[in-house]
file structure_31.tsv (TSV, C-alpha atoms and all ligand atoms)
chain	number	residue	atom	x	y	z
F	1	MET	CA	28.82	-4.25	-18.06
F	2	GLN	CA	26.08	-1.72	-18.77
F	3	LYS	CA	23.89	-4.56	-19.97
F	4	LEU	CA	24.19	-6.38	-16.67
F	5	ILE	CA	23.26	-3.25	-14.76
F	6	ASP	CA	20.18	-2.66	-16.85
F	7	GLN	CA	18.99	-6.16	-16.05
F	8	VAL	CA	18.66	-5.28	-12.38
F	9	PRO	CA	14.94	-4.77	-11.71
F	10	VAL	CA	14.56	-1.13	-10.82
F	11	ALA	CA	11.23	0.36	-9.90
F	12	LEU	CA	11.95	3.89	-11.04
F	13	SER	CA	9.74	5.65	-13.55
F	14	LYS	CA	10.01	9.06	-15.17
F	15	SER	CA	7.31	10.34	-12.86
F	16	ASP	CA	9.30	9.06	-9.85
F	17	GLN	CA	12.22	11.13	-11.06
F	18	GLU	CA	10.00	14.18	-11.48
F	19	THR	CA	8.52	13.72	-8.01
F	20	TYR	CA	12.00	13.52	-6.49
F	21	LYS	CA	13.11	16.67	-8.28
F	22	ARG	CA	9.96	18.58	-7.34
F	23	ASP	CA	9.38	17.44	-3.73
F	24	GLY	CA	12.92	16.57	-2.64
F	25	TYR	CA	11.93	13.08	-1.56
F	26	LEU	CA	10.49	9.94	-3.13
F	27	HIS	CA	8.67	7.02	-1.52
F	28	LEU	CA	9.16	3.71	-3.36
F	29	LYS	CA	7.35	0.55	-2.33
F	30	GLY	CA	8.58	-3.02	-2.30
F	31	VAL	CA	12.25	-2.39	-3.08
F	32	ILE	CA	14.05	-4.17	-0.25
F	33	LYS	CA	13.74	-7.95	-0.19
F	34	PRO	CA	12.61	-9.73	3.01
F	35	GLU	CA	16.03	-11.39	3.43
F	36	GLU	CA	17.70	-7.98	3.13
F	37	ILE	CA	15.38	-6.55	5.79
F	38	ASN	CA	16.27	-9.46	8.05
F	39	ALA	CA	19.99	-8.92	7.45
F	40	LEU	CA	19.61	-5.27	8.48
F	41	ARG	CA	17.45	-6.15	11.48
F	42	SER	CA	20.04	-8.53	12.88
F	43	SER	CA	22.84	-6.02	12.30
F	44	VAL	CA	20.84	-3.35	14.13
F	45	ALA	CA	20.10	-5.78	16.97
F	46	SER	CA	23.85	-6.32	17.40
F	47	GLN	CA	24.52	-2.58	17.29
F	48	ILE	CA	22.02	-2.03	20.11
F	49	GLU	CA	23.27	-5.01	22.09
F	50	ASN	CA	26.79	-3.57	21.92
F	51	LEU	CA	25.81	-0.04	22.92
F	52	ALA	CA	27.78	-0.10	26.17
F	53	GLN	CA	31.03	-0.91	24.29
F	54	SER	CA	30.24	1.01	21.14
F	55	GLU	CA	32.61	3.72	19.90
F	56	THR	CA	29.89	5.17	17.73
F	57	GLY	CA	26.43	4.54	19.23
F	58	TYR	CA	24.36	6.77	21.53
F	59	ASP	CA	20.99	6.69	23.24
F	60	LEU	CA	19.80	10.19	22.43
F	61	GLU	CA	16.68	9.85	24.58
F	62	SER	CA	18.94	9.37	27.60
F	63	LEU	CA	21.20	12.18	26.45
F	64	ALA	CA	18.15	14.44	26.29
F	65	LYS	CA	17.20	13.42	29.82
F	66	GLN	CA	20.72	14.23	31.02
F	67	VAL	CA	20.48	17.64	29.41
F	68	TRP	CA	17.00	18.59	30.45
F	69	SER	CA	16.68	16.90	33.80
F	70	GLY	CA	20.28	17.31	34.92
F	71	LYS	CA	20.40	13.59	35.76
F	72	GLU	CA	23.99	12.87	34.81
F	73	ASP	CA	23.80	9.23	35.89
F	74	ILE	CA	21.42	8.25	33.08
F	75	ASP	CA	23.35	6.01	30.71
F	76	SER	CA	23.53	7.25	27.12
F	77	GLY	CA	26.39	5.00	25.99
F	78	ASN	CA	30.15	5.38	26.16
F	79	ALA	CA	31.02	6.48	22.66
F	80	ASP	CA	33.43	9.35	22.19
F	81	ARG	CA	32.49	10.29	18.66
F	82	PHE	CA	31.13	13.61	19.88
F	83	ASP	CA	32.34	15.88	22.64
F	84	ILE	CA	29.13	15.44	24.58
F	85	GLU	CA	30.21	17.61	27.53
F	86	LEU	CA	30.96	20.47	25.16
F	87	TYR	CA	27.66	19.96	23.38
F	88	LYS	CA	25.76	20.01	26.67
F	89	ALA	CA	27.52	23.26	27.60
F	90	MET	CA	26.53	24.70	24.21
F	91	ILE	CA	22.91	23.74	24.82
F	92	ASP	CA	23.09	25.41	28.25
F	93	HIS	CA	24.29	28.60	26.58
F	94	ASP	CA	21.64	28.51	23.86
F	95	ALA	CA	18.82	30.64	25.22
F	96	ASP	CA	16.38	29.14	22.68
F	97	ALA	CA	17.30	25.52	23.30
F	98	ARG	CA	14.48	23.32	24.49
F	99	PRO	CA	13.60	19.65	24.30
F	100	ILE	CA	12.25	18.73	20.90
F	101	ARG	CA	9.56	16.45	22.22
F	102	ASP	CA	6.28	15.34	20.84
F	103	PRO	CA	4.07	17.29	23.23
F	104	SER	CA	1.50	14.53	23.57
F	105	ASN	CA	3.86	11.88	24.88
F	106	SER	CA	6.00	13.72	27.39
F	107	ILE	CA	4.35	11.86	30.26
F	108	LEU	CA	5.27	8.54	28.69
F	109	ALA	CA	8.88	9.48	28.43
F	110	GLU	CA	10.23	7.15	31.05
F	111	ASP	CA	11.50	4.06	29.31
F	112	GLY	CA	12.02	4.88	25.63
F	113	MET	CA	15.31	4.75	23.77
F	114	PHE	CA	16.36	6.77	20.75
F	115	PHE	CA	19.28	4.73	19.49
F	116	TYR	CA	21.64	6.35	17.01
F	117	ASP	CA	24.70	4.77	15.43
F	118	ALA	CA	26.78	5.14	12.28
F	119	ALA	CA	29.23	3.36	9.99
F	120	GLY	CA	27.86	-0.10	10.73
F	121	TRP	CA	28.98	-1.23	7.26
F	122	ARG	CA	32.51	-1.56	8.53
F	123	THR	CA	31.50	-4.13	11.11
F	124	TYR	CA	28.34	-5.86	9.92
F	125	SER	CA	28.20	-7.83	6.67
F	126	GLY	CA	24.39	-7.55	6.63
F	127	ILE	CA	24.67	-3.77	6.25
F	128	ARG	CA	27.43	-4.02	3.63
F	129	ASP	CA	25.43	-6.54	1.60
F	130	VAL	CA	22.38	-4.30	1.31
F	131	ALA	CA	24.28	-1.04	0.92
F	132	PHE	CA	26.55	-2.33	-1.84
F	133	ASP	CA	24.84	-5.29	-3.52
F	134	SER	CA	21.10	-4.66	-3.40
F	135	THR	CA	19.25	-2.71	-6.06
F	136	LEU	CA	19.76	0.53	-4.08
F	137	PRO	CA	22.95	1.76	-5.79
F	138	THR	CA	21.30	1.36	-9.20
F	139	ILE	CA	18.19	3.23	-8.11
F	140	CYS	CA	20.22	6.07	-6.62
F	141	ALA	CA	22.54	6.27	-9.62
F	142	LYS	CA	19.54	6.64	-11.90
F	143	LEU	CA	17.87	9.17	-9.67
F	144	LEU	CA	21.01	11.30	-9.39
F	145	ASN	CA	21.82	10.92	-13.07
F	146	THR	CA	25.41	10.19	-12.25
F	147	THR	CA	28.15	8.31	-14.06
F	148	TYR	CA	29.27	6.63	-10.84
F	149	LEU	CA	28.19	6.36	-7.23
F	150	ASN	CA	30.12	6.16	-3.95
F	151	PHE	CA	28.80	4.95	-0.63
F	152	TRP	CA	29.34	7.60	2.04
F	153	GLU	CA	27.97	6.08	5.25
F	154	ASP	CA	25.10	4.32	6.95
F	155	THR	CA	23.24	5.54	10.01
F	156	THR	CA	20.87	3.69	12.33
F	157	PHE	CA	17.89	5.34	14.02
F	158	VAL	CA	15.75	3.29	16.41
F	159	LYS	CA	12.96	4.58	18.61
F	160	THR	CA	11.51	2.13	21.09
F	161	PRO	CA	7.98	2.57	22.52
F	162	ASN	CA	7.53	5.62	24.75
F	163	THR	CA	10.32	7.67	23.21
F	164	ALA	CA	9.46	11.31	23.73
F	165	GLN	CA	12.25	12.80	21.70
F	166	ARG	CA	11.58	13.75	18.11
F	167	THR	CA	14.35	13.76	15.54
F	168	THR	CA	14.63	17.53	15.14
F	169	PHE	CA	14.17	18.89	11.68
F	170	HIS	CA	17.53	19.15	9.98
F	171	GLN	CA	19.24	19.20	6.60
F	172	ASP	CA	21.90	16.58	5.98
F	173	TYR	CA	24.30	18.52	3.76
F	174	THR	CA	26.35	20.21	6.47
F	175	TYR	CA	26.73	16.97	8.44
F	176	PHE	CA	28.93	15.61	5.66
F	177	GLN	CA	32.43	16.56	4.53
F	178	ILE	CA	31.32	17.14	0.97
F	179	ARG	CA	30.58	19.76	-1.65
F	180	GLY	CA	28.32	19.15	-4.63
F	181	GLN	CA	24.69	18.36	-5.28
F	182	LYS	CA	24.37	14.74	-6.31
F	183	CYS	CA	23.92	13.18	-2.90
F	184	CYS	CA	20.87	11.30	-1.70
F	185	ILE	CA	19.83	9.54	1.45
F	186	VAL	CA	17.88	6.28	1.42
F	187	TRP	CA	15.75	5.79	4.54
F	188	ILE	CA	14.89	2.14	5.09
F	189	PRO	CA	12.18	1.23	7.61
F	190	LEU	CA	12.72	-2.10	9.34
F	191	ASP	CA	9.31	-1.92	11.02
F	192	ARG	CA	6.07	-0.34	9.91
F	193	ALA	CA	6.65	3.40	10.45
F	194	THR	CA	3.46	5.24	11.38
F	195	ALA	CA	2.57	8.75	12.48
F	196	GLU	CA	2.28	7.28	15.98
F	197	ASN	CA	5.66	5.54	16.23
F	198	GLY	CA	7.90	8.03	14.41
F	199	ALA	CA	7.30	8.12	10.66
F	200	MET	CA	9.58	10.38	8.64
F	201	GLN	CA	8.50	13.95	7.95
F	202	TYR	CA	9.76	15.97	5.01
F	203	VAL	CA	9.40	19.68	4.36
F	204	ARG	CA	8.26	19.34	0.79
F	205	GLY	CA	10.30	21.40	-1.67
F	206	SER	CA	12.79	22.59	0.97
F	207	HIS	CA	15.70	21.29	-1.14
F	208	LEU	CA	14.94	24.22	-3.46
F	209	TRP	CA	15.13	26.93	-0.79
F	210	GLY	CA	18.74	27.62	-1.77
F	211	LYS	CA	19.69	27.75	1.91
F	212	THR	CA	22.12	25.74	3.95
F	213	PHE	CA	21.70	25.26	7.70
F	214	ALA	CA	23.96	24.18	10.56
F	215	PRO	CA	23.73	20.57	11.73
F	216	ASN	CA	22.28	19.78	15.15
F	217	MET	CA	22.38	16.68	17.28
F	218	PHE	CA	18.69	15.81	16.85
F	219	ILE	CA	17.52	16.59	20.39
F	220	THR	CA	17.47	20.40	20.04
F	221	GLN	CA	18.12	22.88	17.25
F	222	THR	CA	21.35	23.95	18.96
F	223	PRO	CA	23.95	23.76	16.20
F	224	LEU	CA	27.00	21.56	16.52
F	225	LEU	CA	30.33	23.35	16.05
F	226	ASP	CA	29.29	25.19	12.92
F	227	ALA	CA	29.88	28.92	12.97
F	228	GLU	CA	29.31	29.32	9.26
F	229	HIS	CA	25.69	28.32	8.74
F	230	PRO	CA	22.56	29.63	10.45
F	231	LYS	CA	20.40	27.57	12.74
F	232	LEU	CA	17.36	26.07	11.04
F	233	PRO	CA	14.18	28.11	11.58
F	234	ASP	CA	12.02	26.85	14.45
F	235	ILE	CA	9.86	24.55	12.35
F	236	GLU	CA	8.63	22.45	15.27
F	237	ASN	CA	6.89	25.49	16.79
F	238	ASN	CA	5.54	26.78	13.50
F	239	LEU	CA	4.35	23.65	11.73
F	240	CYS	CA	1.55	25.44	9.90
F	241	ASP	CA	4.03	27.66	8.07
F	242	TYR	CA	5.63	24.70	6.31
F	243	ASP	CA	4.47	22.07	3.86
F	244	ILE	CA	5.27	19.08	6.05
F	245	VAL	CA	4.46	15.61	4.79
F	246	THR	CA	4.42	12.64	7.16
F	247	VAL	CA	5.29	9.55	5.15
F	248	GLU	CA	4.17	6.25	6.64
F	249	ALA	CA	6.13	3.32	5.26
F	250	GLU	CA	6.37	-0.48	5.45
F	251	PRO	CA	9.39	-2.76	5.61
F	252	GLY	CA	10.38	-3.26	1.96
F	253	ASP	CA	9.72	0.40	1.14
F	254	ILE	CA	12.37	3.07	0.89
F	255	ILE	CA	12.17	6.85	1.05
F	256	ILE	CA	14.93	8.67	-0.79
F	257	HIS	CA	15.59	12.30	-0.01
F	258	ASP	CA	17.82	14.96	-1.48
F	259	VAL	CA	20.76	15.99	0.73
F	260	MET	CA	19.26	19.52	0.96
F	261	THR	CA	15.75	18.43	2.00
F	262	VAL	CA	14.75	19.42	5.53
F	263	HIS	CA	13.38	16.42	7.40
F	264	GLY	CA	12.83	14.96	10.84
F	265	SER	CA	10.62	12.40	12.55
F	266	GLY	CA	8.24	12.09	15.45
F	267	GLY	CA	8.89	10.49	18.81
F	268	ASN	CA	7.47	7.04	19.41
F	269	LYS	CA	4.12	7.39	21.14
F	270	SER	CA	3.23	3.74	20.71
F	271	LYS	CA	3.26	1.61	23.84
F	272	THR	CA	4.22	-1.53	21.95
F	273	ASP	CA	5.81	-0.85	18.56
F	274	THR	CA	9.49	-0.18	18.06
F	275	ARG	CA	10.43	1.83	14.99
F	276	ARG	CA	13.76	0.68	13.57
F	277	ALA	CA	15.30	2.30	10.51
F	278	MET	CA	18.57	2.63	8.65
F	279	SER	CA	19.76	5.39	6.35
F	280	PHE	CA	22.27	4.89	3.56
F	281	ARG	CA	24.01	7.91	2.06
F	282	TYR	CA	25.24	7.82	-1.54
F	283	CYS	CA	27.27	10.38	-3.50
F	284	GLY	CA	27.37	10.94	-7.27
F	285	ASP	CA	29.95	12.26	-9.68
F	286	ASP	CA	29.87	15.99	-8.80
F	287	ILE	CA	30.63	15.38	-5.12
F	288	ARG	CA	34.06	16.42	-3.88
F	289	TYR	CA	35.60	15.97	-0.47
F	290	PHE	CA	35.52	19.11	1.68
F	291	ASP	CA	36.74	19.09	5.26
F	292	ARG	CA	33.81	21.18	6.43
F	293	PRO	CA	34.23	22.83	9.83
F	294	GLY	CA	31.30	21.67	11.97
F	295	ALA	CA	30.57	18.51	9.97
F	296	ILE	CA	30.09	15.36	12.03
F	297	PRO	CA	33.31	13.36	12.34
F	298	GLN	CA	33.11	10.15	10.34
F	299	PRO	CA	34.01	7.15	12.47
F	300	TYR	CA	37.11	5.15	11.47
F	301	ILE	CA	38.31	7.61	8.84
F	302	GLU	CA	42.01	7.83	9.40
F	303	GLY	CA	43.40	9.83	6.53
F	304	ASN	CA	41.12	12.56	5.28
F	305	LEU	CA	41.09	13.15	1.56
F	306	PRO	CA	42.40	16.49	0.34
F	307	ASP	CA	39.74	19.13	-0.22
F	308	GLY	CA	38.45	18.97	-3.79
F	309	ALA	CA	39.29	15.27	-4.23
F	310	VAL	CA	36.84	12.82	-5.76
F	311	LEU	CA	35.76	10.23	-3.21
F	312	TYR	CA	38.41	7.61	-3.87
F	313	GLY	CA	39.75	4.85	-1.69
F	314	GLU	CA	38.48	2.18	0.64
F	315	ASP	CA	36.58	4.60	2.87
F	316	TYR	CA	34.15	5.46	0.08
F	317	PRO	CA	33.37	2.25	-1.81
F	318	LEU	CA	32.48	2.71	-5.46
F	319	VAL	CA	29.14	0.89	-5.56
F	320	TRP	CA	27.93	1.73	-9.07
F	321	PRO	CA	28.74	0.74	-11.71
F	322	LYS	CA	30.09	-2.38	-10.08
F	323	PRO	CA	33.85	-2.49	-10.62
F	324	PHE	CA	33.69	-6.31	-10.66
F	325	PRO	CA	30.22	-7.17	-11.99
F	326	ASN	CA	30.43	-10.86	-11.20
F	327	ALA	CA	31.66	-10.49	-7.63
F	328	LYS	CA	29.72	-9.56	-4.56
F	329	LEU	CA	31.17	-6.17	-3.71
F	330	ALA	CA	30.43	-6.46	0.01
F	331	SER	CA	32.69	-9.48	0.33
F	332	LEU	CA	35.65	-7.48	-1.02
F	333	PHE	CA	35.32	-5.12	1.93
F	334	ALA	CA	35.07	-7.80	4.59
F	335	ASN	CA	37.60	-7.96	7.40
F	336	ASN	CA	39.74	-5.07	6.25
F	337	HIS	CA	37.83	-2.12	7.59
F	338	GLY	CA	36.30	-2.65	10.98
F	339	LYS	CA	38.42	-1.86	13.96
F	340	ARG	CA	36.26	-4.19	15.99
F	401	LIG	O1	14.92	8.07	11.41
F	401	LIG	C1	14.98	9.22	11.87
F	401	LIG	O2	14.40	9.54	12.89
F	401	LIG	C2	15.80	10.26	11.19
F	401	LIG	C3	16.44	9.85	9.93
F	401	LIG	C4	17.27	10.91	9.30
F	401	LIG	O3	17.34	12.02	9.73
F	401	LIG	C5	18.06	10.58	8.13
F	401	LIG	O4	17.99	9.45	7.67
F	401	LIG	O5	18.79	11.45	7.63

call {"tool": "encode", "arguments": {"input": "structure_31.tsv", "output": "structure tokens", "more": "lines below"}}
Ligand SMILES: O=C(O)CCC(=O)C(=O)O
result
Amino acid sequence: MQKLIDQVPVALSKSDQETYKRDGYLHLKGVIKPEEINALRSSVASQIENLAQSETGYDLESLAKQVWSGKEDIDSGNADRFDIELYKAMIDHDADARPIRDPSNSILAEDGMFFYDAAGWRTYSGIRDVAFDSTLPTICAKLLNTTYLNFWEDTTFVKTPNTAQRTTFHQDYTYFQIRGQKCCIVWIPLDRATAENGAMQYVRGSHLWGKTFAPNMFITQTPLLDAEHPKLPDIENNLCDYDIVTVEAEPGDIIIHDVMTVHGSGGNKSKTDTRRAMSFRYCGDDIRYFDRPGAIPQPYIEGNLPDGAVLYGEDYPLVWPKPFPNAKLASLFANNHGKR
């Protein structure tokens, strides 16, 4: 089996591994095949099309408008994954809360959408195919130096033209019900991502700060229900104090970041270019389940694992090494997960 895995073309050199360890993120070019990009694009199109019925998707730009303009009738989707009313009340009570907007495009902020969704793999075969059967699991397994790799979840982030809202800086670790270090996030642009339309930004080396911060819901630094961890420092207002790298990327590229790396992205100031992206989250062999208070609820998870458990079971597909090397893994997960 090992032989088969080694035959997968993997663009990962020793210096890539050193860069990832030093900077907390790694940009690799030409990893995702055109047909894989197209499979993700059509899955994302369906996610957006189904926003009104979605149990998991939100328009965060509209949510931000509800919060900051008090216009309750703006439609941000009908999902109940988060207690939005509670979150809005928490923002109201947070004296420091403010819109995390790109200052230069606030006047354009009329028609943009910041679409956010998760766990598309359970519904869309295009997402499953790429998450499980592309070269990504092999790359991540090598990068994490792990003996096996589980898939945790996918997330979709789309910013249409004239989206004012940034993705606030945040650290992924406390969003997940996990403990351990070998977890990485693969960010996959489905359009050219530029500084103008919302390229990713990483605080270089922040994975080595040795600090853990509370999760937020991307539109302000106001923490979600996490009483244990501090709020992230106000990076947006003190950009010069941090080593922030804006990473422009093309479809086909990936950017992998460590679960502790602080990152965010700009709004979309372009008048014409949508910025679509997906994120896949993978966990290695030191990760254990931990029902973290304040972590974001994972859609469709019915029976939580006990704290301290390895990630076993159908909710966390083992994607590397392939349990059945000659079968397409994604097809084994078809039709037995999605509620829709
Ligand atoms: O695409 C974005 O705006 C944010 C992505 C992100 O935060 C992530 O992939 O963890």

call {"tool": "residues_around", "arguments": {"input": "structure_31.tsv", "residues": "stretch 255-262 of chain F", "least_positions_apart": "6", "cutoff": "7 Å", "atoms": "all atoms listed in the file", "output": "PyMOL selection string"}}
result
chain F and resi 24-28+169-173+183-188+202-203+206-207

call {"tool": "residues_near_ligand", "arguments": {"input": "structure_31.tsv", "ligand": "ligand LIG 401 (chain F)", "cutoff": "9 Å", "atoms": "all atoms listed in the file", "output": "JSON, numbers by chain"}}
result
{"F": [114, 116, 154, 155, 156, 157, 158, 159, 166, 167, 168, 169, 170, 171, 172, 185, 186, 187, 188, 189, 198, 199, 200, 201, 218, 257, 259, 262, 263, 264, 265, 266, 267, 275, 276, 277, 278, 279, 280, 281]}

call {"tool": "axis_aligned_box", "arguments": {"input": "structure_31.tsv", "around": "stretch 150-162 of chain F", "padding_each_side": "8 Å", "output": "JSON"}}
result
{"center_x": 18.8, "center_y": 4.9, "center_z": 10.4, "size_x": 38.6, "size_y": 21.5, "size_z": 44.7}

call {"tool": "atom_distance", "arguments": {"input": "structure_31.tsv", "atom1": "atom CA of F:Asp253", "atom2": "atom CA of F:Arg101"}}
result
26.5 Å

call {"tool": "closest_residue", "arguments": {"input": "structure_31.tsv", "among": "F:Ala193, F:Leu225, F:Ala295, F:Ile32", "to": "F:Ala89", "atoms": "only C-alpha atoms"}}
result
F:Leu225

call {"tool": "closest_residue", "arguments": {"input": "structure_31.tsv", "among": "F:Asp234, F:Lys65, F:Asp241, F:Lys211", "to": "F:Asp111", "atoms": "all atoms listed in the file"}}
result
F:Lys65

call {"tool": "closest_residue", "arguments": {"input": "structure_31.tsv", "among": "F:Asp83, F:Asp102, F:Asp243, F:Asp117", "to": "F:Thr56", "atoms": "only C-alpha atoms"}}
result
F:Asp117

call {"tool": "atom_distance", "arguments": {"input": "structure_31.tsv", "atom1": "atom CA of F:Thr220", "atom2": "atom CA of F:Asp94"}}
result
9.9 Å

call {"tool": "atom_distance", "arguments": {"input": "structure_31.tsv", "atom1": "atom CA of F:Gly313", "atom2": "atom CA of F:Phe333"}}
result
11.5 Å

call {"tool": "residues_around", "arguments": {"input": "structure_31.tsv", "residues": "F:Gly284", "least_positions_apart": "2", "cutoff": "9 Å", "atoms": "only C-alpha atoms", "output": "MDAnalysis selection string"}}
result
chainID F and resid 140:141 144:150 180:184 282 286:287

call {"tool": "build_atoms", "arguments": {"input": "structure_31.tsv", "residues": "stretch 177-185 of chain F", "atoms": "all heavy atoms", "output": "PDB file, in the frame of the given file"}}
result
ATOM      1  N   GLN F 177      31.255  15.839   5.020  1.00  0.00           N
ATOM      2  CA  GLN F 177      32.430  16.560   4.530  1.00  0.00           C
ATOM      3  C   GLN F 177      32.415  16.539   2.996  1.00  0.00           C
ATOM      4  O   GLN F 177      33.281  15.937   2.352  1.00  0.00           O
ATOM      5  CB  GLN F 177      33.721  15.885   5.044  1.00  0.00           C
ATOM      6  CG  GLN F 177      33.964  16.043   6.527  1.00  0.00           C
ATOM      7  CD  GLN F 177      33.181  15.061   7.388  1.00  0.00           C
ATOM      8  OE1 GLN F 177      32.339  14.325   6.901  1.00  0.00           O
ATOM      9  NE2 GLN F 177      33.464  15.031   8.670  1.00  0.00           N
ATOM     10  N   ILE F 178      31.431  17.166   2.438  1.00  0.00           N
ATOM     11  CA  ILE F 178      31.320  17.140   0.970  1.00  0.00           C
ATOM     12  C   ILE F 178      30.909  18.506   0.421  1.00  0.00           C
ATOM     13  O   ILE F 178      30.344  19.332   1.143  1.00  0.00           O
ATOM     14  CB  ILE F 178      30.275  16.100   0.481  1.00  0.00           C
ATOM     15  CG1 ILE F 178      28.866  16.406   1.037  1.00  0.00           C
ATOM     16  CG2 ILE F 178      30.693  14.694   0.802  1.00  0.00           C
ATOM     17  CD1 ILE F 178      27.752  15.585   0.384  1.00  0.00           C
ATOM     18  N   ARG F 179      31.185  18.679  -0.875  1.00  0.00           N
ATOM     19  CA  ARG F 179      30.580  19.760  -1.650  1.00  0.00           C
ATOM     20  C   ARG F 179      30.036  19.138  -2.929  1.00  0.00           C
ATOM     21  O   ARG F 179      30.627  18.197  -3.460  1.00  0.00           O
ATOM     22  CB  ARG F 179      31.628  20.801  -2.024  1.00  0.00           C
ATOM     23  CG  ARG F 179      31.755  21.851  -0.960  1.00  0.00           C
ATOM     24  CD  ARG F 179      32.617  22.999  -1.445  1.00  0.00           C
ATOM     25  NE  ARG F 179      32.553  24.089  -0.497  1.00  0.00           N
ATOM     26  CZ  ARG F 179      33.577  24.869  -0.208  1.00  0.00           C
ATOM     27  NH1 ARG F 179      34.740  24.692  -0.793  1.00  0.00           N
ATOM     28  NH2 ARG F 179      33.442  25.850   0.663  1.00  0.00           N
ATOM     29  N   GLY F 180      28.934  19.695  -3.423  1.00  0.00           N
ATOM     30  CA  GLY F 180      28.320  19.150  -4.630  1.00  0.00           C
ATOM     31  C   GLY F 180      26.837  18.918  -4.384  1.00  0.00           C
ATOM     32  O   GLY F 180      26.339  19.167  -3.274  1.00  0.00           O
ATOM     33  N   GLN F 181      26.151  18.474  -5.409  1.00  0.00           N
ATOM     34  CA  GLN F 181      24.690  18.360  -5.280  1.00  0.00           C
ATOM     35  C   GLN F 181      24.164  16.937  -5.382  1.00  0.00           C
ATOM     36  O   GLN F 181      23.084  16.631  -4.893  1.00  0.00           O
ATOM     37  CB  GLN F 181      24.040  19.188  -6.389  1.00  0.00           C
ATOM     38  CG  GLN F 181      24.320  20.656  -6.174  1.00  0.00           C
ATOM     39  CD  GLN F 181      23.742  21.534  -7.249  1.00  0.00           C
ATOM     40  OE1 GLN F 181      23.456  21.078  -8.357  1.00  0.00           O
ATOM     41  NE2 GLN F 181      23.582  22.796  -6.928  1.00  0.00           N
ATOM     42  N   LYS F 182      24.934  16.060  -6.047  1.00  0.00           N
ATOM     43  CA  LYS F 182      24.370  14.740  -6.310  1.00  0.00           C
ATOM     44  C   LYS F 182      24.603  13.807  -5.118  1.00  0.00           C
ATOM     45  O   LYS F 182      25.484  12.943  -5.126  1.00  0.00           O
ATOM     46  CB  LYS F 182      25.004  14.143  -7.567  1.00  0.00           C
ATOM     47  CG  LYS F 182      24.630  14.895  -8.846  1.00  0.00           C
ATOM     48  CD  LYS F 182      25.160  14.150 -10.059  1.00  0.00           C
ATOM     49  CE  LYS F 182      25.018  14.974 -11.318  1.00  0.00           C
ATOM     50  NZ  LYS F 182      25.520  14.252 -12.504  1.00  0.00           N
ATOM     51  N   CYS F 183      23.827  14.039  -4.088  1.00  0.00           N
ATOM     52  CA  CYS F 183      23.920  13.180  -2.900  1.00  0.00           C
ATOM     53  C   CYS F 183      22.509  12.891  -2.445  1.00  0.00           C
ATOM     54  O   CYS F 183      21.680  13.802  -2.363  1.00  0.00           O
ATOM     55  CB  CYS F 183      24.722  13.889  -1.817  1.00  0.00           C
ATOM     56  SG  CYS F 183      24.757  13.007  -0.246  1.00  0.00           S
ATOM     57  N   CYS F 184      22.217  11.638  -2.181  1.00  0.00           N
ATOM     58  CA  CYS F 184      20.870  11.300  -1.700  1.00  0.00           C
ATOM     59  C   CYS F 184      20.971  10.358  -0.514  1.00  0.00           C
ATOM     60  O   CYS F 184      21.983   9.691  -0.303  1.00  0.00           O
ATOM     61  CB  CYS F 184      20.012  10.731  -2.819  1.00  0.00           C
ATOM     62  SG  CYS F 184      20.529   9.109  -3.380  1.00  0.00           S
ATOM     63  N   ILE F 185      19.893  10.341   0.231  1.00  0.00           N
ATOM     64  CA  ILE F 185      19.830   9.540   1.450  1.00  0.00           C
ATOM     65  C   ILE F 185      18.663   8.571   1.299  1.00  0.00           C
ATOM     66  O   ILE F 185      17.547   8.970   0.949  1.00  0.00           O
ATOM     67  CB  ILE F 185      19.595  10.453   2.682  1.00  0.00           C
ATOM     68  CG1 ILE F 185      20.836  11.314   2.942  1.00  0.00           C
ATOM     69  CG2 ILE F 185      19.294   9.638   3.944  1.00  0.00           C
ATOM     70  CD1 ILE F 185      20.950  12.555   2.174  1.00  0.00           C
TER      71      ILE F 185
END
